[in-house]
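A.B. asks: Compact mmCIF, C-alpha atoms and all ligand atoms, saved as final00.txt, coming up:
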```txt
# COMPACT_ATOMS: atom_id res chain seq x y z
CA MET A 1 34.32 72.66 129.98
CA LYS A 2 33.85 73.43 133.66
CA SER A 3 34.62 76.79 135.16
CA GLY A 4 33.96 78.65 138.34
CA PHE A 5 34.95 81.13 141.00
CA ILE A 6 36.28 79.83 144.28
CA THR A 7 36.97 81.95 147.33
CA ILE A 8 39.39 81.01 150.08
CA ILE A 9 38.39 82.47 153.42
CA GLY A 10 39.33 82.14 157.07
CA ARG A 11 40.91 83.92 160.00
CA PRO A 12 44.31 85.62 159.56
CA ASN A 13 47.40 83.40 159.38
CA VAL A 14 45.66 80.04 158.86
CA GLY A 15 47.49 79.49 155.54
CA LYS A 16 45.12 80.75 152.84
CA SER A 17 47.80 82.33 150.66
CA THR A 18 50.14 79.38 151.16
CA LEU A 19 47.45 77.01 149.90
CA LEU A 20 46.70 79.22 146.93
CA ASN A 21 50.37 79.37 145.95
CA LYS A 22 50.62 75.61 146.28
CA ILE A 23 47.60 75.06 144.03
CA MET A 24 48.99 77.48 141.47
CA GLY A 25 52.47 75.93 141.67
CA GLU A 26 53.81 79.43 141.82
CA LYS A 27 54.18 82.20 144.32
CA LEU A 28 51.55 84.78 143.50
CA SER A 29 50.26 85.88 146.85
CA ILE A 30 52.50 87.04 149.66
CA VAL A 31 52.88 84.89 152.76
CA SER A 32 54.28 85.74 156.17
CA SER A 33 54.27 84.41 159.68
CA LYS A 34 52.45 87.57 160.77
CA PRO A 35 48.66 87.78 160.74
CA GLN A 36 46.84 90.14 158.34
CA THR A 37 49.36 89.76 155.57
CA THR A 38 46.95 89.75 152.64
CA ARG A 39 45.14 93.08 152.28
CA ASN A 40 43.33 92.82 148.96
CA ASN A 41 41.33 90.15 147.21
CA ILE A 42 43.78 88.58 144.80
CA GLN A 43 42.43 86.68 141.87
CA THR A 44 44.47 83.90 140.29
CA ILE A 45 43.51 81.63 137.43
CA LEU A 46 44.23 77.94 136.92
CA THR A 47 43.37 76.62 133.47
CA LYS A 48 43.54 73.17 131.96
CA LYS A 49 42.74 73.56 128.30
CA ASP A 50 39.28 72.29 127.31
CA GLU A 51 38.83 70.80 130.80
CA TYR A 52 38.50 73.46 133.44
CA GLN A 53 39.23 76.99 134.53
CA LEU A 54 39.27 77.74 138.24
CA ILE A 55 39.39 81.35 139.35
CA PHE A 56 40.55 81.63 142.95
CA VAL A 57 40.06 84.58 145.21
CA ASP A 58 42.62 84.83 148.02
CA THR A 59 41.13 87.08 150.68
CA PRO A 60 42.39 88.97 153.74
CA GLY A 61 41.90 87.12 157.01
CA ILE A 62 38.58 87.92 158.68
CA HIS A 63 39.19 89.56 162.07
CA LYS A 64 37.83 92.20 164.38
CA PRO A 65 38.95 95.41 162.67
CA LYS A 66 40.81 98.08 164.66
CA HIS A 67 41.09 100.72 161.95
CA LYS A 68 39.70 101.64 158.53
CA LEU A 69 42.20 99.47 156.70
CA GLY A 70 41.03 96.49 158.74
CA GLU A 71 37.41 97.34 158.02
CA TYR A 72 38.19 97.46 154.32
CA MET A 73 39.98 94.10 154.48
CA VAL A 74 37.14 92.36 156.27
CA LYS A 75 34.56 93.92 153.99
CA ILE A 76 36.17 92.73 150.77
CA ALA A 77 36.76 89.27 152.23
CA GLU A 78 33.09 89.04 153.17
CA GLN A 79 32.01 90.30 149.77
CA SER A 80 33.97 87.54 148.13
CA ILE A 81 31.56 84.91 149.43
CA LYS A 82 28.61 86.39 147.61
CA GLU A 83 29.39 85.77 143.98
CA VAL A 84 31.28 82.52 143.84
CA ASP A 85 30.49 78.90 143.00
CA LEU A 86 32.41 77.39 145.88
CA ILE A 87 33.77 78.52 149.24
CA ILE A 88 36.89 77.05 150.82
CA PHE A 89 36.84 77.77 154.54
CA ILE A 90 40.24 77.23 156.15
CA THR A 91 41.03 76.75 159.79
CA ASN A 92 43.76 75.11 161.86
CA PRO A 93 43.48 72.18 164.26
CA SER A 94 42.07 73.17 167.64
CA LYS A 95 40.06 71.55 170.38
CA GLU A 96 37.21 74.04 170.15
CA VAL A 97 35.63 76.16 167.44
CA GLY A 98 36.98 79.61 168.29
CA ARG A 99 34.84 82.75 168.30
CA GLY A 100 36.45 84.08 165.13
CA ASP A 101 35.49 80.96 163.21
CA GLN A 102 32.02 80.89 164.73
CA PHE A 103 31.50 84.41 163.45
CA ILE A 104 32.55 83.49 159.91
CA LEU A 105 30.43 80.33 159.87
CA GLU A 106 27.46 82.34 161.09
CA GLN A 107 27.70 84.45 157.94
CA LEU A 108 28.00 81.39 155.73
CA LYS A 109 24.70 80.12 157.02
CA ASN A 110 22.91 82.66 154.81
CA THR A 111 24.34 81.23 151.62
CA ASP A 112 23.48 78.11 149.67
CA ILE A 113 26.90 77.92 148.01
CA PRO A 114 28.76 74.71 148.92
CA VAL A 115 31.44 75.19 151.56
CA PHE A 116 34.48 72.91 152.03
CA LEU A 117 36.19 72.69 155.39
CA VAL A 118 39.97 72.60 155.10
CA VAL A 119 41.85 71.94 158.33
CA ASN A 120 45.34 73.17 157.50
CA LYS A 121 48.72 72.80 159.28
CA ILE A 122 48.04 69.21 160.31
CA ASP A 123 51.82 68.68 160.21
CA GLU A 124 52.03 70.67 163.44
CA TYR A 125 49.44 68.71 165.44
CA LYS A 126 48.75 65.21 166.67
CA PRO A 127 46.29 63.30 164.44
CA GLU A 128 43.79 63.15 167.34
CA VAL A 129 43.57 66.93 167.41
CA THR A 130 42.86 67.06 163.68
CA ALA A 131 40.21 64.35 164.01
CA GLN A 132 38.62 66.22 166.88
CA THR A 133 38.61 69.45 164.87
CA LEU A 134 36.83 67.80 161.94
CA GLU A 135 34.28 66.40 164.36
CA LYS A 136 33.63 69.68 166.21
CA TYR A 137 33.25 71.72 163.05
CA SER A 138 30.92 69.19 161.48
CA GLN A 139 28.61 69.66 164.46
CA ILE A 140 28.11 73.35 163.82
CA TYR A 141 28.08 73.52 160.02
CA ASP A 142 27.05 71.23 157.24
CA PHE A 143 30.14 71.31 155.03
CA ALA A 144 30.07 69.77 151.58
CA GLU A 145 33.52 68.19 152.05
CA TYR A 146 36.06 67.80 154.86
CA ILE A 147 39.76 67.93 154.02
CA PRO A 148 42.64 67.74 156.51
CA MET A 149 45.68 69.38 154.93
CA SER A 150 49.25 70.51 155.11
CA ALA A 151 49.57 73.22 152.49
CA ILE A 152 53.28 73.62 153.18
CA LYS A 153 53.98 69.95 152.59
CA GLY A 154 51.46 69.70 149.77
CA LYS A 155 49.48 67.05 151.62
CA ASN A 156 45.94 66.59 150.23
CA VAL A 157 46.26 69.58 147.92
CA ASN A 158 45.54 67.38 144.89
CA THR A 159 42.56 65.78 146.59
CA LEU A 160 41.21 69.26 147.20
CA LEU A 161 41.78 70.21 143.57
CA GLU A 162 39.89 67.16 142.33
CA LEU A 163 36.98 67.89 144.63
CA MET A 164 36.85 71.51 143.53
CA ILE A 165 36.64 70.50 139.89
CA LYS A 166 33.84 68.14 140.78
CA TYR A 167 31.77 70.89 142.40
CA ILE A 168 32.11 73.73 139.91
CA PRO A 169 29.51 74.03 137.15
CA GLU A 170 29.82 73.75 133.40
CA GLY A 171 30.84 77.12 132.06
CA PRO A 172 32.91 79.16 129.66
CA GLN A 173 36.59 79.99 129.77
CA TYR A 174 36.48 83.45 131.34
CA TYR A 175 40.14 84.36 130.97
CA PRO A 176 42.81 83.64 128.35
CA GLU A 177 44.63 80.38 128.96
CA GLU A 178 48.02 81.96 129.69
CA MET A 179 46.70 84.42 132.25
CA ILE A 180 47.46 83.42 135.82
CA ILE A 181 46.80 86.55 137.83
CA ASP A 182 44.48 89.48 137.21
CA GLN A 183 46.53 92.05 139.09
CA GLN A 184 48.60 94.84 137.58
CA GLU A 185 52.37 94.48 137.43
CA ARG A 186 52.64 97.54 139.65
CA PHE A 187 50.57 95.94 142.40
CA ILE A 188 52.71 92.80 142.39
CA ILE A 189 55.92 94.86 142.52
CA GLY A 190 54.54 96.68 145.57
CA GLU A 191 53.59 93.41 147.25
CA ILE A 192 57.09 92.02 146.74
CA LEU A 193 58.53 95.00 148.60
CA ARG A 194 55.90 94.78 151.34
CA GLU A 195 56.63 91.10 151.83
CA LYS A 196 60.33 91.75 152.45
CA ALA A 197 59.45 94.47 154.94
CA LEU A 198 57.10 92.03 156.72
CA ARG A 199 59.78 89.39 156.78
CA PHE A 200 62.62 91.44 158.21
CA LEU A 201 60.88 93.81 160.58
CA SER A 202 59.86 92.78 164.06
CA GLN A 203 56.38 92.68 165.47
CA GLU A 204 54.64 96.03 165.77
CA VAL A 205 56.17 97.88 162.81
CA PRO A 206 55.04 95.77 159.81
CA HIS A 207 51.32 96.09 160.42
CA GLY A 208 51.48 99.83 159.91
CA ILE A 209 53.32 99.65 156.60
CA ALA A 210 52.12 100.41 153.13
CA VAL A 211 54.06 100.51 149.90
CA ASP A 212 53.56 103.13 147.24
CA ILE A 213 55.15 102.57 143.85
CA ILE A 214 55.89 106.13 142.77
CA SER A 215 57.25 105.32 139.33
CA MET A 216 58.23 102.35 137.23
CA LYS A 217 59.90 102.82 133.87
CA LYS A 218 61.77 100.53 131.54
CA ASN A 219 64.70 102.17 129.75
CA GLU A 220 66.02 101.37 126.28
CA LYS A 221 68.43 98.77 127.71
CA GLY A 222 65.51 96.91 129.23
CA ILE A 223 66.37 97.93 132.79
CA TYR A 224 63.48 98.85 135.07
CA ASN A 225 63.88 101.97 137.19
CA ILE A 226 61.54 101.68 140.13
CA ASN A 227 60.95 104.29 142.82
CA ALA A 228 58.98 103.27 145.84
CA ASP A 229 57.99 104.65 149.22
CA ILE A 230 57.56 102.58 152.31
CA ILE A 231 54.96 104.36 154.37
CA CYS A 232 54.91 103.96 158.13
CA GLU A 233 52.93 105.49 160.96
CA LYS A 234 55.56 106.88 163.34
CA GLU A 235 58.98 108.55 163.28
CA SER A 236 60.28 105.81 165.57
CA HIS A 237 59.16 103.21 163.02
CA LYS A 238 60.97 105.08 160.28
CA GLY A 239 64.17 104.74 162.27
CA ILE A 240 63.65 101.01 162.66
CA ILE A 241 62.91 100.49 158.98
CA ILE A 242 66.04 102.37 157.92
CA GLY A 243 68.11 100.75 160.64
CA LYS A 244 71.63 101.46 161.82
CA ASN A 245 73.60 102.95 158.94
CA GLY A 246 70.69 102.18 156.68
CA GLU A 247 71.32 98.47 156.96
CA MET A 248 67.73 97.31 157.43
CA LEU A 249 66.46 99.28 154.45
CA LYS A 250 69.32 97.97 152.36
CA ARG A 251 68.47 94.41 153.31
CA ILE A 252 64.79 94.87 152.50
CA SER A 253 65.46 96.57 149.16
CA THR A 254 68.13 94.13 148.04
CA ARG A 255 65.87 91.13 148.60
CA ALA A 256 62.93 92.91 147.03
CA ARG A 257 65.01 93.86 143.99
CA GLN A 258 66.09 90.24 143.49
CA ASP A 259 62.49 89.02 143.50
CA MET A 260 61.37 91.86 141.24
CA GLU A 261 64.07 90.92 138.74
CA LYS A 262 62.82 87.34 138.72
CA PHE A 263 59.25 88.48 138.23
CA LEU A 264 60.01 91.08 135.53
CA MET A 265 62.75 88.93 133.96
CA ASN A 266 64.91 92.03 133.64
CA LYS A 267 67.40 94.02 135.67
CA VAL A 268 65.90 96.37 138.22
CA ASN A 269 67.19 99.59 139.70
CA LEU A 270 65.25 100.05 142.92
CA GLN A 271 65.18 103.23 145.01
CA VAL A 272 63.24 103.06 148.24
CA TRP A 273 62.39 105.95 150.54
CA VAL A 274 60.74 105.73 153.94
CA LYS A 275 58.00 108.20 154.76
CA VAL A 276 55.81 108.83 157.79
CA ARG A 277 52.09 109.35 157.39
CA LYS A 278 50.58 109.51 160.82
CA ASP A 279 47.65 107.11 161.22
CA TRP A 280 47.32 106.46 157.50
CA ARG A 281 45.38 103.26 158.25
CA ASP A 282 42.54 105.40 159.50
CA ASN A 283 42.71 107.98 156.74
CA PHE A 284 40.30 107.37 153.92
CA ASN A 285 42.32 109.29 151.31
CA ASN A 286 45.55 107.57 152.23
CA LEU A 287 43.88 104.17 151.96
CA LYS A 288 42.75 104.96 148.44
CA GLU A 289 46.14 106.32 147.52
CA PHE A 290 47.87 103.11 148.62
CA GLY A 291 45.56 100.86 146.66
CA TYR A 292 42.92 99.90 149.22
CA LYS A 293 39.86 101.20 147.48
N1 LIG A 301 53.30 74.21 159.69
C1 LIG A 301 52.59 74.76 158.72
N2 LIG A 301 52.62 76.08 158.53
C2 LIG A 301 51.89 76.60 157.52
C3 LIG A 301 51.09 75.77 156.67
N3 LIG A 301 50.47 76.60 155.79
C4 LIG A 301 50.88 77.86 156.06
N4 LIG A 301 51.75 77.88 157.10
C5 LIG A 301 52.43 79.06 157.68
O1 LIG A 301 51.48 79.91 158.29
C6 LIG A 301 51.85 81.29 158.18
C7 LIG A 301 50.72 82.09 157.55
O2 LIG A 301 50.54 81.70 156.20
P1 LIG A 301 49.75 82.60 155.14
O3 LIG A 301 49.59 81.77 153.93
O4 LIG A 301 50.39 83.94 155.02
O5 LIG A 301 48.36 82.74 155.91
P2 LIG A 301 47.06 83.58 155.47
O6 LIG A 301 45.89 82.80 155.94
O7 LIG A 301 47.12 83.91 154.02
O8 LIG A 301 47.22 84.88 156.36
P3 LIG A 301 46.58 86.38 156.14
O9 LIG A 301 46.89 86.81 154.74
O10 LIG A 301 47.30 87.19 157.16
O11 LIG A 301 45.12 86.26 156.41
C8 LIG A 301 53.13 81.29 157.33
O12 LIG A 301 54.23 81.39 158.23
C9 LIG A 301 53.11 79.96 156.62
O13 LIG A 301 54.38 79.49 156.30
C10 LIG A 301 51.09 74.35 156.90
O14 LIG A 301 50.45 73.55 156.22
N5 LIG A 301 51.85 73.91 157.94
MG MG A 302 47.12 85.72 153.02
```
How would this structure read if it were set down as structure tokens?
Ligand SMILES: Nc1nc2c(ncn2[C@@H]2O[C@H](COP(=O)(O)OP(=O)(O)OP(=O)(O)O)[C@@H](O)[C@H]2O)c(=O)[nH]1
Ligand SMILES: [Mg+2]
C.D. replies:
Amino acid sequence: MKSGFITIIGRPNVGKSTLLNKIMGEKLSIVSSKPQTTRNNIQTILTKKDEYQLIFVDTPGIHKPKHKLGEYMVKIAEQSIKEVDLIIFITNPSKEVGRGDQFILEQLKNTDIPVFLVVNKIDEYKPEVTAQTLEKYSQIYDFAEYIPMSAIKGKNVNTLLELMIKYIPEGPQYYPEEMIIDQQERFIIGEILREKALRFLSQEVPHGIAVDIISMKKNEKGIYNINADIICEKESHKGIIIGKNGEMLKRISTRARQDMEKFLMNKVNLQVWVKVRKDWRDNFNNLKEFGYK
């Protein structure tokens, strides 16, 4: 049997979580069109009995942090490259290697773990741009493999999977076969709500949002009663999240409830409150409280 840990790293918004979900054939990590969506390292497990077990780490996008939350995100993403068997570095087609990518590649130079280059979102660019990207990146780093990809369309995802299996070592089955994610139910419930908030709210508000699951109880009829807070940074943001006649909050909670019901395979009663915690992203205690520890 082969088994190994594989981290997926790159700048924000390049499609790391999308690729992970595609590999897993299931939506386990939240995706949005806004950068800095993923905030924690999320571990998912793909097992083929007696053949392989791949443990993937989806990481927050590496960026220049502007607050303590950002520092935390970048730190855990960088940590993820230290104890794995394989690193998948993702970027998007571009004519030059940007400074963000140069910074990440600089750090990878200190490791002897094989690194794959995945150029994702090729569906959005002319083939020449993708070719040029592969060329440019190969000049500054000695990648083990080069894979152009469209994670959304599933293009080259299987090729990547085959290559990953090739590179990981012989090893034990670390997790039970049926386990696909190592996160708590509560964390996933919170992420579902955060994703809906990210989806429906416009630009500046979503970045300052956290979700706190206050309570989650299943009653004798099998219905889950869930109480959650959406935390934001300003009174004006609170108004936007609630919306006119509470319509925005209703929209967010209805969609979140539907996804929670699918995930929990039971009916859900969801109560959401919006609270203001000024500058929580820079407050150490708040960060811990909201699960960024
Ligand atoms: N056109 C196109 N869009 C893609 C592709 N892969 C991902 N996207 C889109 O890119 C956006 C960001 O995707 P994510 O998977 O959230 O990106 P991420 O790298 O995990 O982002 P962070 O968690 O913020 O670091 C989403 O709107 C995706 O739908 C692709 O292959 N083609
Ligand atoms: Mg992500």
A.B. asks: Set the cut-off to 7 Å, count all atoms listed in the file, and list whatever residues fall near ligand MG 302 (chain A) as a list of chain:residue names.
C.D. replies: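 Written in the requested form, the residues are A:Asn13, A:Gly15, A:Lys16, A:Ser17, A:Ser29, A:Ile30, A:Val31, A:Gln36, A:Thr37, A:Thr38, A:Asp58, A:Thr59, A:Pro60, A:Gly61.
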A.B. asks: Given the selection you just returned, output its residues as a file containing C-alpha atoms, formatted as a PDB file, in the coordinates of the input.
C.D. replies:
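Done, and the output landed in selection-v9.pdb:
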```
ATOM      1  CA  ASN A  13      47.400  83.400 159.380  1.00  0.00           C
ATOM      2  CA  GLY A  15      47.490  79.490 155.540  1.00  0.00           C
ATOM      3  CA  LYS A  16      45.120  80.750 152.840  1.00  0.00           C
ATOM      4  CA  SER A  17      47.800  82.330 150.660  1.00  0.00           C
ATOM      5  CA  SER A  29      50.260  85.880 146.850  1.00  0.00           C
ATOM      6  CA  ILE A  30      52.500  87.040 149.660  1.00  0.00           C
ATOM      7  CA  VAL A  31      52.880  84.890 152.760  1.00  0.00           C
ATOM      8  CA  GLN A  36      46.840  90.140 158.340  1.00  0.00           C
ATOM      9  CA  THR A  37      49.360  89.760 155.570  1.00  0.00           C
ATOM     10  CA  THR A  38      46.950  89.750 152.640  1.00  0.00           C
ATOM     11  CA  ASP A  58      42.620  84.830 148.020  1.00  0.00           C
ATOM     12  CA  THR A  59      41.130  87.080 150.680  1.00  0.00           C
ATOM     13  CA  PRO A  60      42.390  88.970 153.740  1.00  0.00           C
ATOM     14  CA  GLY A  61      41.900  87.120 157.010  1.00  0.00           C
TER      15      GLY A  61
END
```
A.B. asks: Counting all atoms listed in the file, which residue out of A:Gly190, A:Gly222, A:Pro127, A:Gly70 sits closest to Val272 (chain A)?
C.D. replies: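 Nearest to Val272 (chain A): A:Gly190.
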A.B. asks: Find, counting all atoms listed in the file, the residue in A:Leu108, A:Ser253, A:Met248, A:Glu235 that gets nearest to Val276 (chain A).
C.D. replies: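 Distance minimum relative to Val276 (chain A) lands on A:Glu235.
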A.B. asks: For ligand LIG 301 (chain A), which of A:Leu201, A:Leu249, A:Ile8, A:Val97 is the closest residue, counting all atoms listed in the file?
C.D. replies: A:Ile8
A.B. asks: Counting only C-alpha atoms, figure out which residue out of A:Thr44, A:Thr133, A:Thr7, A:Ser138 gets nearest to Phe89 (chain A).
C.D. replies: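 Using only C-alpha atoms, the shortest distance to Phe89 (chain A) belongs to A:Thr7.
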A.B. asks: Measuring between only C-alpha atoms and all ligand atoms, which one of A:Lys126, A:Lys153, A:Lys196, A:Arg99 shows the shortest distance to ligand LIG 301 (chain A)?
C.D. replies: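 Comparing A:Lys126, A:Lys153, A:Lys196, A:Arg99 against ligand LIG 301 (chain A), the winner is A:Lys153.
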A.B. asks: Report the distance between atom O8 of ligand LIG 301 (chain A) and CA of Ala197 (chain A) in Å, rounded to one decimal place.
C.D. replies: 15.6 Å
